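Below is the file entry.cif, which contains mmCIF, C-alpha atoms and all ligand atoms.
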```cif
data_start
loop_
_atom_site.label_atom_id
_atom_site.label_comp_id
_atom_site.auth_asym_id
_atom_site.auth_seq_id
_atom_site.Cartn_x
_atom_site.Cartn_y
_atom_site.Cartn_z
CA MET A 1 81.59 80.19 78.67
CA THR A 2 82.65 80.21 82.30
CA ASP A 3 80.81 78.85 85.30
CA ALA A 4 80.13 81.71 87.70
CA SER A 5 79.97 79.22 90.54
CA TYR A 6 83.74 78.59 90.39
CA CYS A 7 86.27 81.39 90.57
CA GLY A 8 89.90 80.52 91.18
CA ARG A 9 93.11 82.49 91.20
CA PHE A 10 96.88 82.37 91.08
CA ALA A 11 98.55 84.86 93.41
CA PRO A 12 102.34 84.93 93.05
CA SER A 13 104.57 87.18 95.14
CA PRO A 14 107.09 88.87 92.82
CA THR A 15 110.12 87.99 94.94
CA GLY A 16 111.85 86.43 91.92
CA PRO A 17 111.13 84.77 88.56
CA LEU A 18 108.70 81.88 88.28
CA HIS A 19 110.39 78.58 89.22
CA PHE A 20 109.20 75.03 88.70
CA GLY A 21 107.41 74.98 92.09
CA SER A 22 105.33 78.05 91.28
CA LEU A 23 104.64 76.66 87.80
CA VAL A 24 103.16 73.52 89.41
CA ALA A 25 100.91 75.70 91.61
CA ALA A 26 99.82 77.71 88.57
CA VAL A 27 99.07 74.53 86.59
CA GLY A 28 97.04 73.08 89.48
CA SER A 29 94.91 76.15 90.07
CA PHE A 30 94.44 76.83 86.34
CA LEU A 31 93.36 73.29 85.45
CA ASP A 32 91.11 72.96 88.47
CA ALA A 33 89.31 76.16 87.43
CA ARG A 34 89.14 75.47 83.69
CA SER A 35 88.07 71.85 84.10
CA ARG A 36 85.07 73.21 86.01
CA ASP A 37 84.43 75.93 83.40
CA GLY A 38 85.41 78.39 86.08
CA GLU A 39 87.15 81.75 85.98
CA TRP A 40 90.84 82.05 86.77
CA LEU A 41 92.18 85.39 87.99
CA LEU A 42 95.73 86.57 88.38
CA ARG A 43 96.78 88.65 91.36
CA MET A 44 100.25 90.02 91.93
CA GLU A 45 100.95 89.96 95.66
CA ASP A 46 103.38 92.86 95.66
CA LEU A 47 102.68 93.81 99.22
CA ASP A 48 106.16 93.64 100.66
CA PRO A 49 108.59 95.82 98.64
CA PRO A 50 111.70 94.89 100.68
CA ARG A 51 111.26 91.22 99.64
CA GLU A 52 110.50 91.95 95.99
CA MET A 53 112.83 91.85 93.02
CA PRO A 54 112.56 94.70 90.50
CA GLY A 55 111.06 93.45 87.25
CA ALA A 56 109.90 90.12 88.72
CA ALA A 57 106.17 90.90 88.37
CA ASP A 58 106.47 91.54 84.60
CA ASP A 59 108.79 88.61 84.23
CA ILE A 60 106.23 86.29 85.89
CA LEU A 61 103.44 87.56 83.63
CA ARG A 62 105.56 87.06 80.49
CA THR A 63 106.52 83.56 81.60
CA LEU A 64 102.91 82.59 82.30
CA GLU A 65 101.94 83.85 78.84
CA ALA A 66 104.77 81.91 77.25
CA PHE A 67 103.40 78.75 78.89
CA GLY A 68 99.99 79.48 77.36
CA PHE A 69 98.11 80.45 80.54
CA CYS A 70 95.25 82.87 79.94
CA TRP A 71 93.57 84.66 82.81
CA ASP A 72 90.23 86.42 83.07
CA GLY A 73 90.10 90.19 83.40
CA GLU A 74 92.95 92.49 84.34
CA VAL A 75 95.80 91.47 86.61
CA THR A 76 95.29 93.00 90.05
CA TYR A 77 98.13 94.37 92.17
CA GLN A 78 98.04 94.43 95.95
CA SER A 79 100.28 97.52 95.91
CA GLN A 80 97.29 99.41 94.49
CA ARG A 81 94.85 98.29 97.15
CA GLN A 82 96.29 99.92 100.26
CA ALA A 83 93.25 102.17 100.79
CA THR A 84 90.95 99.13 100.76
CA TYR A 85 93.07 97.29 103.33
CA ARG A 86 93.14 100.42 105.51
CA GLY A 87 89.33 100.63 105.35
CA VAL A 88 88.91 96.98 106.34
CA LEU A 89 91.39 97.31 109.19
CA HIS A 90 89.49 100.36 110.40
CA ARG A 91 86.24 98.37 110.34
CA LEU A 92 87.83 95.66 112.50
CA GLU A 93 89.25 98.28 114.86
CA GLN A 94 85.82 99.86 115.28
CA LYS A 95 84.37 96.47 116.24
CA GLY A 96 87.04 96.04 118.90
CA ALA A 97 88.38 92.99 117.05
CA THR A 98 91.95 94.33 117.02
CA TYR A 99 94.36 96.09 119.35
CA PRO A 100 97.61 98.01 119.07
CA CYS A 101 100.70 96.11 120.17
CA GLY A 102 103.97 97.56 121.39
CA CYS A 103 106.01 94.34 121.58
CA THR A 104 109.11 93.74 119.50
CA ARG A 105 109.82 90.38 117.86
CA ARG A 106 112.73 89.83 120.23
CA GLU A 107 110.50 90.35 123.28
CA ILE A 108 108.03 87.78 121.97
CA ARG A 109 110.83 85.30 121.22
CA ASN A 110 112.38 85.81 124.65
CA HIS A 111 109.00 85.26 126.27
CA ALA A 112 108.54 81.96 124.41
CA GLY A 113 111.93 80.63 125.51
CA PRO A 114 114.66 79.00 123.42
CA ASP A 115 113.03 75.54 123.05
CA GLN A 116 109.89 76.78 121.31
CA PRO A 117 109.93 76.12 117.57
CA HIS A 118 107.81 79.20 116.91
CA ALA A 119 106.86 82.05 119.16
CA VAL A 120 103.20 82.33 120.16
CA TYR A 121 102.16 85.88 120.96
CA PRO A 122 101.58 85.87 124.74
CA GLY A 123 98.87 88.55 124.69
CA THR A 124 100.94 91.20 126.48
CA CYS A 125 99.06 94.16 124.95
CA ARG A 126 95.62 92.52 124.68
CA ASP A 127 94.13 94.59 127.49
CA GLY A 128 95.94 97.80 126.59
CA LEU A 129 99.49 98.95 125.97
CA PRO A 130 101.64 98.65 129.09
CA PRO A 131 102.65 102.06 130.52
CA GLY A 132 105.38 103.80 128.58
CA ARG A 133 104.94 101.62 125.46
CA SER A 134 103.77 102.92 122.11
CA ALA A 135 101.97 101.04 119.36
CA ARG A 136 104.15 99.31 116.76
CA SER A 137 101.71 96.93 115.10
CA VAL A 138 98.02 95.98 115.10
CA ARG A 139 96.88 92.47 116.06
CA LEU A 140 93.64 90.52 115.67
CA ARG A 141 92.05 89.17 118.85
CA VAL A 142 91.70 85.50 117.93
CA PRO A 143 88.77 83.49 119.26
CA GLU A 144 89.29 80.74 121.82
CA ARG A 145 87.83 77.93 119.76
CA VAL A 146 89.11 75.36 117.32
CA ILE A 147 88.95 76.32 113.64
CA SER A 148 88.47 73.46 111.18
CA PHE A 149 88.10 72.98 107.46
CA GLU A 150 88.18 70.14 104.98
CA ASP A 151 90.94 70.48 102.42
CA ARG A 152 90.16 68.81 99.09
CA VAL A 153 93.57 67.09 99.03
CA GLN A 154 95.04 67.29 102.52
CA GLY A 155 91.83 66.25 104.32
CA ALA A 156 90.56 67.53 107.66
CA VAL A 157 92.58 70.36 109.21
CA SER A 158 91.96 71.80 112.68
CA GLU A 159 93.83 74.42 114.59
CA TYR A 160 93.55 76.12 117.93
CA ILE A 161 95.06 79.47 117.01
CA PRO A 162 95.69 80.70 120.57
CA GLN A 163 98.26 77.87 120.82
CA GLN A 164 99.59 78.07 117.25
CA SER A 165 100.30 81.76 116.80
CA GLY A 166 98.12 83.63 119.27
CA ASP A 167 96.74 87.02 118.23
CA PHE A 168 98.39 87.60 114.87
CA ILE A 169 99.52 90.76 113.12
CA LEU A 170 97.38 92.63 110.59
CA LEU A 171 99.48 95.78 110.34
CA ARG A 172 103.21 95.32 110.72
CA ALA A 173 105.63 97.50 112.66
CA ASP A 174 107.11 98.70 109.34
CA GLY A 175 103.68 100.04 108.34
CA LEU A 176 102.98 97.30 105.76
CA PHE A 177 99.74 95.33 105.78
CA ALA A 178 100.16 91.67 106.67
CA TYR A 179 99.71 89.03 103.96
CA GLN A 180 96.87 87.41 105.98
CA LEU A 181 94.77 90.56 105.83
CA ALA A 182 95.44 91.38 102.17
CA VAL A 183 94.80 87.86 100.91
CA VAL A 184 91.49 87.52 102.76
CA VAL A 185 90.23 90.92 101.60
CA ASP A 186 91.27 90.29 97.99
CA ASP A 187 89.83 86.79 97.81
CA ALA A 188 86.50 88.11 99.13
CA ASP A 189 86.42 91.21 96.91
CA GLN A 190 87.25 89.12 93.83
CA GLY A 191 84.59 86.53 94.66
CA ILE A 192 87.08 83.65 94.83
CA THR A 193 85.24 80.41 95.54
CA ASP A 194 88.15 77.98 95.28
CA ILE A 195 91.70 78.48 96.46
CA VAL A 196 94.26 76.10 94.97
CA ARG A 197 97.80 76.81 96.20
CA GLY A 198 100.87 75.22 97.76
CA ALA A 199 100.64 73.29 101.02
CA ASP A 200 103.21 75.67 102.55
CA LEU A 201 100.15 77.89 103.11
CA LEU A 202 98.13 75.20 104.86
CA ASP A 203 99.30 76.56 108.21
CA SER A 204 98.01 80.05 107.36
CA THR A 205 94.56 78.90 106.35
CA CYS A 206 92.92 78.79 109.78
CA GLN A 207 94.12 82.34 110.45
CA GLN A 208 92.56 83.37 107.16
CA ILE A 209 89.30 81.63 108.09
CA VAL A 210 89.19 83.47 111.43
CA LEU A 211 89.61 86.76 109.59
CA GLN A 212 86.88 85.83 107.08
CA GLN A 213 84.57 85.11 109.99
CA ALA A 214 85.44 88.41 111.71
CA LEU A 215 84.63 90.26 108.49
CA GLY A 216 81.48 88.30 107.60
CA TYR A 217 83.05 86.90 104.40
CA PRO A 218 82.26 83.43 103.05
CA THR A 219 85.00 80.78 103.39
CA PRO A 220 86.13 79.44 100.00
CA HIS A 221 86.91 75.79 99.26
CA TYR A 222 90.58 74.97 99.75
CA LEU A 223 92.87 72.62 97.88
CA HIS A 224 96.50 72.62 99.02
CA LEU A 225 98.84 71.07 96.46
CA PRO A 226 102.00 69.30 97.54
CA VAL A 227 104.92 71.72 97.38
CA VAL A 228 107.88 70.87 95.17
CA VAL A 229 111.05 70.47 97.23
CA ASN A 230 114.66 69.95 96.13
CA GLU A 231 116.79 66.91 96.99
CA HIS A 232 117.53 68.46 100.41
CA GLY A 233 113.81 68.71 101.20
CA LYS A 234 113.80 72.53 100.80
CA LYS A 235 110.92 74.28 99.04
CA LEU A 236 111.95 75.67 95.65
CA SER A 237 112.24 79.40 96.23
CA LYS A 238 114.58 82.30 95.84
CA GLN A 239 116.13 81.35 99.21
CA SER A 240 116.86 77.80 98.03
CA HIS A 241 118.29 79.25 94.76
CA ALA A 242 115.62 77.64 92.57
CA ARG A 243 116.26 78.19 88.87
CA ALA A 244 113.86 80.32 86.82
CA VAL A 245 111.66 78.05 84.75
CA SER A 246 112.22 78.37 81.00
CA ALA A 247 109.44 78.24 78.42
CA ASP A 248 111.84 77.00 75.71
CA HIS A 249 110.34 73.52 75.92
CA ALA A 250 107.01 74.64 77.34
CA VAL A 251 104.95 71.52 76.63
CA ALA A 252 107.62 69.13 77.96
CA THR A 253 107.96 71.20 81.16
CA LEU A 254 104.17 71.34 81.59
CA CYS A 255 104.03 67.55 81.19
CA THR A 256 106.56 67.26 84.05
CA ALA A 257 104.39 69.57 86.16
CA LEU A 258 101.32 67.44 85.40
CA ARG A 259 103.13 64.26 86.39
CA ALA A 260 104.20 65.91 89.65
CA LEU A 261 100.50 66.49 90.32
CA GLY A 262 99.73 62.81 89.76
CA GLN A 263 98.00 63.37 86.40
CA PRO A 264 98.49 60.91 83.56
CA VAL A 265 100.18 62.41 80.52
CA ALA A 266 98.93 60.99 77.25
CA ASP A 267 101.62 60.22 74.64
CA GLU A 268 100.04 62.63 72.20
CA ALA A 269 100.34 65.48 74.77
CA ILE A 270 104.12 65.50 74.48
CA ASP A 271 104.15 66.36 70.78
CA CYS A 272 101.26 68.78 70.60
CA ASN A 273 101.24 72.56 70.54
CA LEU A 274 100.40 74.60 73.64
CA ALA A 275 96.73 75.17 72.80
CA ASP A 276 96.13 71.45 72.21
CA PHE A 277 98.15 70.55 75.29
CA TRP A 278 95.88 72.67 77.49
CA LYS A 279 92.74 71.22 75.94
CA LEU A 280 93.95 67.71 76.61
CA ALA A 281 95.19 68.51 80.13
CA GLU A 282 91.88 70.14 81.02
CA ALA A 283 89.93 67.11 79.85
CA MET A 284 92.22 64.73 81.79
CA TRP A 285 92.43 66.75 85.05
CA ARG A 286 91.22 64.91 88.16
CA ALA A 287 91.92 66.61 91.48
CA GLU A 288 91.46 63.22 93.21
CA ARG A 289 94.73 62.05 91.65
CA ILE A 290 96.86 64.72 93.31
CA PRO A 291 99.27 63.11 95.81
CA LYS A 292 97.90 63.54 99.32
CA THR A 293 101.20 64.74 100.71
CA ARG A 294 102.58 68.10 101.70
CA THR A 295 105.69 67.81 99.54
CA ILE A 296 106.91 66.19 96.35
CA THR A 297 110.55 65.98 95.29
CA GLU A 298 111.68 67.57 92.03
CA HIS A 299 113.24 65.08 89.61
N1 LIG B 301 101.57 85.10 97.37
C1 LIG B 301 101.69 83.83 97.99
C2 LIG B 301 102.93 83.13 97.52
O1 LIG B 301 103.44 83.43 96.44
C3 LIG B 301 100.51 82.94 97.68
C4 LIG B 301 99.30 83.37 98.40
C5 LIG B 301 98.08 82.50 98.21
O2 LIG B 301 97.99 81.76 97.21
O3 LIG B 301 97.21 82.60 99.06
O4 LIG B 301 103.44 82.28 98.22
#
```

Can you dump the structure from the file as structure tokens?
Amino acid sequence: MTDASYCGRFAPSPTGPLHFGSLVAAVGSFLDARSRDGEWLLRMEDLDPPREMPGAADDILRTLEAFGFCWDGEVTYQSQRQATYRGVLHRLEQKGATYPCGCTRREIRNHAGPDQPHAVYPGTCRDGLPPGRSARSVRLRVPERVISFEDRVQGAVSEYIPQQSGDFILLRADGLFAYQLAVVVDDADQGITDIVRGADLLDSTCQQIVLQQALGYPTPHYLHLPVVVNEHGKKLSKQSHARAVSADHAVATLCTALRALGQPVADEAIDCNLADFWKLAEAMWRAERIPKTRTITEH
């Protein structure tokens, strides 16, 4: 029996095999959903072919199965949802919520100046493309008000998007839909009520909320887990050469993931089989115990 009032998801990008950091995110979102008798969906965010690794999507699914995760319904693939994203973008365009932009990344960086840590879009094309320029991307007109939400672990978050990123991209110059658009549309279409994911995405959340508001979608509850970093403070990822996680000692590795999330691991958990491990972990899960930090170091 699942509780229709909680629907969570895990949404990996198939840029490489599952590593310990993504396993921790999967464990957190899975246990939060199951401990509330909720549904847990799996979505492959294969939206950006140049960044993907052939075979990684299947590899991730096989690894999740080997760790005993079970998801509800079919796996969804963003690569198969292009028509939906196009329709939603069209709806926003019709409302005047977007505009075509002719600026290159270099122009935006040059405008910001060398001391700026990240380039805020200066709004060059907001009132129309300058003469002689053609459209490269499509941007959302962001509202001039502070966006706030209460994260279940990280606490109160507020952002004034005009100063953080400015009008952000929905359709990229290479013709691909932006992650922000796809994730918001998918979460709404799949009825996701609770998003549990790594705190590296905390800075994207206000942009996603603005898009939800522009589209009349509800805003889900958010829980951003601390991200696992290596001894140099770098997030485990393909770029930081994180090792693929192995399911050879699945229960022991899951116990390490649980400890990273601040959960007590009962002695009997270490020796049990996967099915019993998950039953025990579900019963013991308390989101309140998750460290209230943005990062945790892998040991
Ligand atoms: N696909 C994203 C990633 O692997 C996660 C997106 C999300 O959970 O919203 O980093």

*Tell me, as a PyMOL selection string, which residues lie within 10 Å of Cys206 in chain A, counting only C-alpha atoms; anything in the same chain fewer than 5 positions away does not count.*
chain A and resi 146-149+157-161+201+211-212

_Shortest interatomic distance to Ser5 in chain A - which of A:Asp151, A:Asp174, A:Asp194, A:Glu74, counting only C-alpha atoms_ = A:Asp194

Taking all atoms listed in the file into account, produce a table as a Markdown table in which each residue of chain A with an atom at most 6 Å from an atom of ligand LIG 301 (chain B) appears once, together with its shortest atom pair and the distance in Å to one decimal, ordered by chain and rising number.
```
| residue | atom | partner | partner_atom | distance |
| --- | --- | --- | --- | --- |
| A:Ala11 | CA | B:LIG301 | O2 | 4.9 |
| A:Pro12 | CA | B:LIG301 | O1 | 3.9 |
| A:Ser13 | CA | B:LIG301 | O1 | 4.1 |
| A:Glu45 | CA | B:LIG301 | N1 | 5.2 |
| A:Arg197 | CA | B:LIG301 | O2 | 5.1 |
```

*Got a sec: who's within 12 Å of range 162-167 of chain A, counting only C-alpha atoms, leaving out chain neighbours fewer than 5 positions off, as a PyMOL selection string?*
chain A and resi 97-101+108-109+112+116-126+137-147+203-204+206-207+210-211

Limited to C-alpha atoms, could you put the picked residues into a file as a tab-separated table (two decimals), in the coordinates of the input?
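Resulting contents of again36.tsv:
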```
chain	number	residue	atom	x	y	z
A	97	ALA	CA	88.38	92.99	117.05
A	98	THR	CA	91.95	94.33	117.02
A	99	TYR	CA	94.36	96.09	119.35
A	100	PRO	CA	97.61	98.01	119.07
A	101	CYS	CA	100.70	96.11	120.17
A	108	ILE	CA	108.03	87.78	121.97
A	109	ARG	CA	110.83	85.30	121.22
A	112	ALA	CA	108.54	81.96	124.41
A	116	GLN	CA	109.89	76.78	121.31
A	117	PRO	CA	109.93	76.12	117.57
A	118	HIS	CA	107.81	79.20	116.91
A	119	ALA	CA	106.86	82.05	119.16
A	120	VAL	CA	103.20	82.33	120.16
A	121	TYR	CA	102.16	85.88	120.96
A	122	PRO	CA	101.58	85.87	124.74
A	123	GLY	CA	98.87	88.55	124.69
A	124	THR	CA	100.94	91.20	126.48
A	125	CYS	CA	99.06	94.16	124.95
A	126	ARG	CA	95.62	92.52	124.68
A	137	SER	CA	101.71	96.93	115.10
A	138	VAL	CA	98.02	95.98	115.10
A	139	ARG	CA	96.88	92.47	116.06
A	140	LEU	CA	93.64	90.52	115.67
A	141	ARG	CA	92.05	89.17	118.85
A	142	VAL	CA	91.70	85.50	117.93
A	143	PRO	CA	88.77	83.49	119.26
A	144	GLU	CA	89.29	80.74	121.82
A	145	ARG	CA	87.83	77.93	119.76
A	146	VAL	CA	89.11	75.36	117.32
A	147	ILE	CA	88.95	76.32	113.64
A	203	ASP	CA	99.30	76.56	108.21
A	204	SER	CA	98.01	80.05	107.36
A	206	CYS	CA	92.92	78.79	109.78
A	207	GLN	CA	94.12	82.34	110.45
A	210	VAL	CA	89.19	83.47	111.43
A	211	LEU	CA	89.61	86.76	109.59
```

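Distances here use all atoms listed in the file; by that measure, the residue among A:Ser240, A:Ser246, A:Ser22, A:Thr84 closest to Arg62 in chain A is A:Ser246.
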
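Residue nearest His249 in chain A within the list A:Leu47, A:Val88, A:Ala66, A:Leu23: A:Ala66 [criterion: smallest interatomic distance, only C-alpha atoms].
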
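Minimum atom-to-atom distance to Gln78 in chain A, evaluated using all atoms listed in the file, belongs to A:Met44 out of A:Leu261, A:Val227, A:Met44, A:Leu215.
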
*May I ask which of the residues A:Leu274, A:Leu258, A:Ala269, A:Ala247 is the closest one to Arg289 in chain A, counting all atoms listed in the file?*
A:Leu258

*Just give me the residues with any atom within 10 Å of (90.2, 85.0, 101.9), file coordinates, counting all atoms listed in the file, written as number ranges by chain.*
A: 180-195, 205, 207-213, 217-220

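Closest approach to Gly233 in chain A among A:Thr297, A:Gln80, A:Ser35, A:Ser134 is made by A:Thr297 (distances from only C-alpha atoms).
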
*asked:* What's the separation between CA of Tyr77 in chain A and CA of Trp40 in chain A, in Å to one decimal place?
replied: 15.3 Å

_Exercise: Lys279 in chain A partners within 12 Å, all atoms listed in the file, chain neighbours under 4 positions left out, as a PyMOL selection string_ = chain A and resi 30-31+34-35+68-69+268-269+272-275+283-285

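With CA of Ala26 in chain A on one side and CA of Glu288 in chain A on the other, the separation reads 17.4 Å.
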
_Which residues are near Ala56 in chain A? Cut-off 9 Å, only C-alpha atoms, ignore same chain within fewer than 5 positions. Put them as a ChimeraX atom specification._
/A:13-18,61
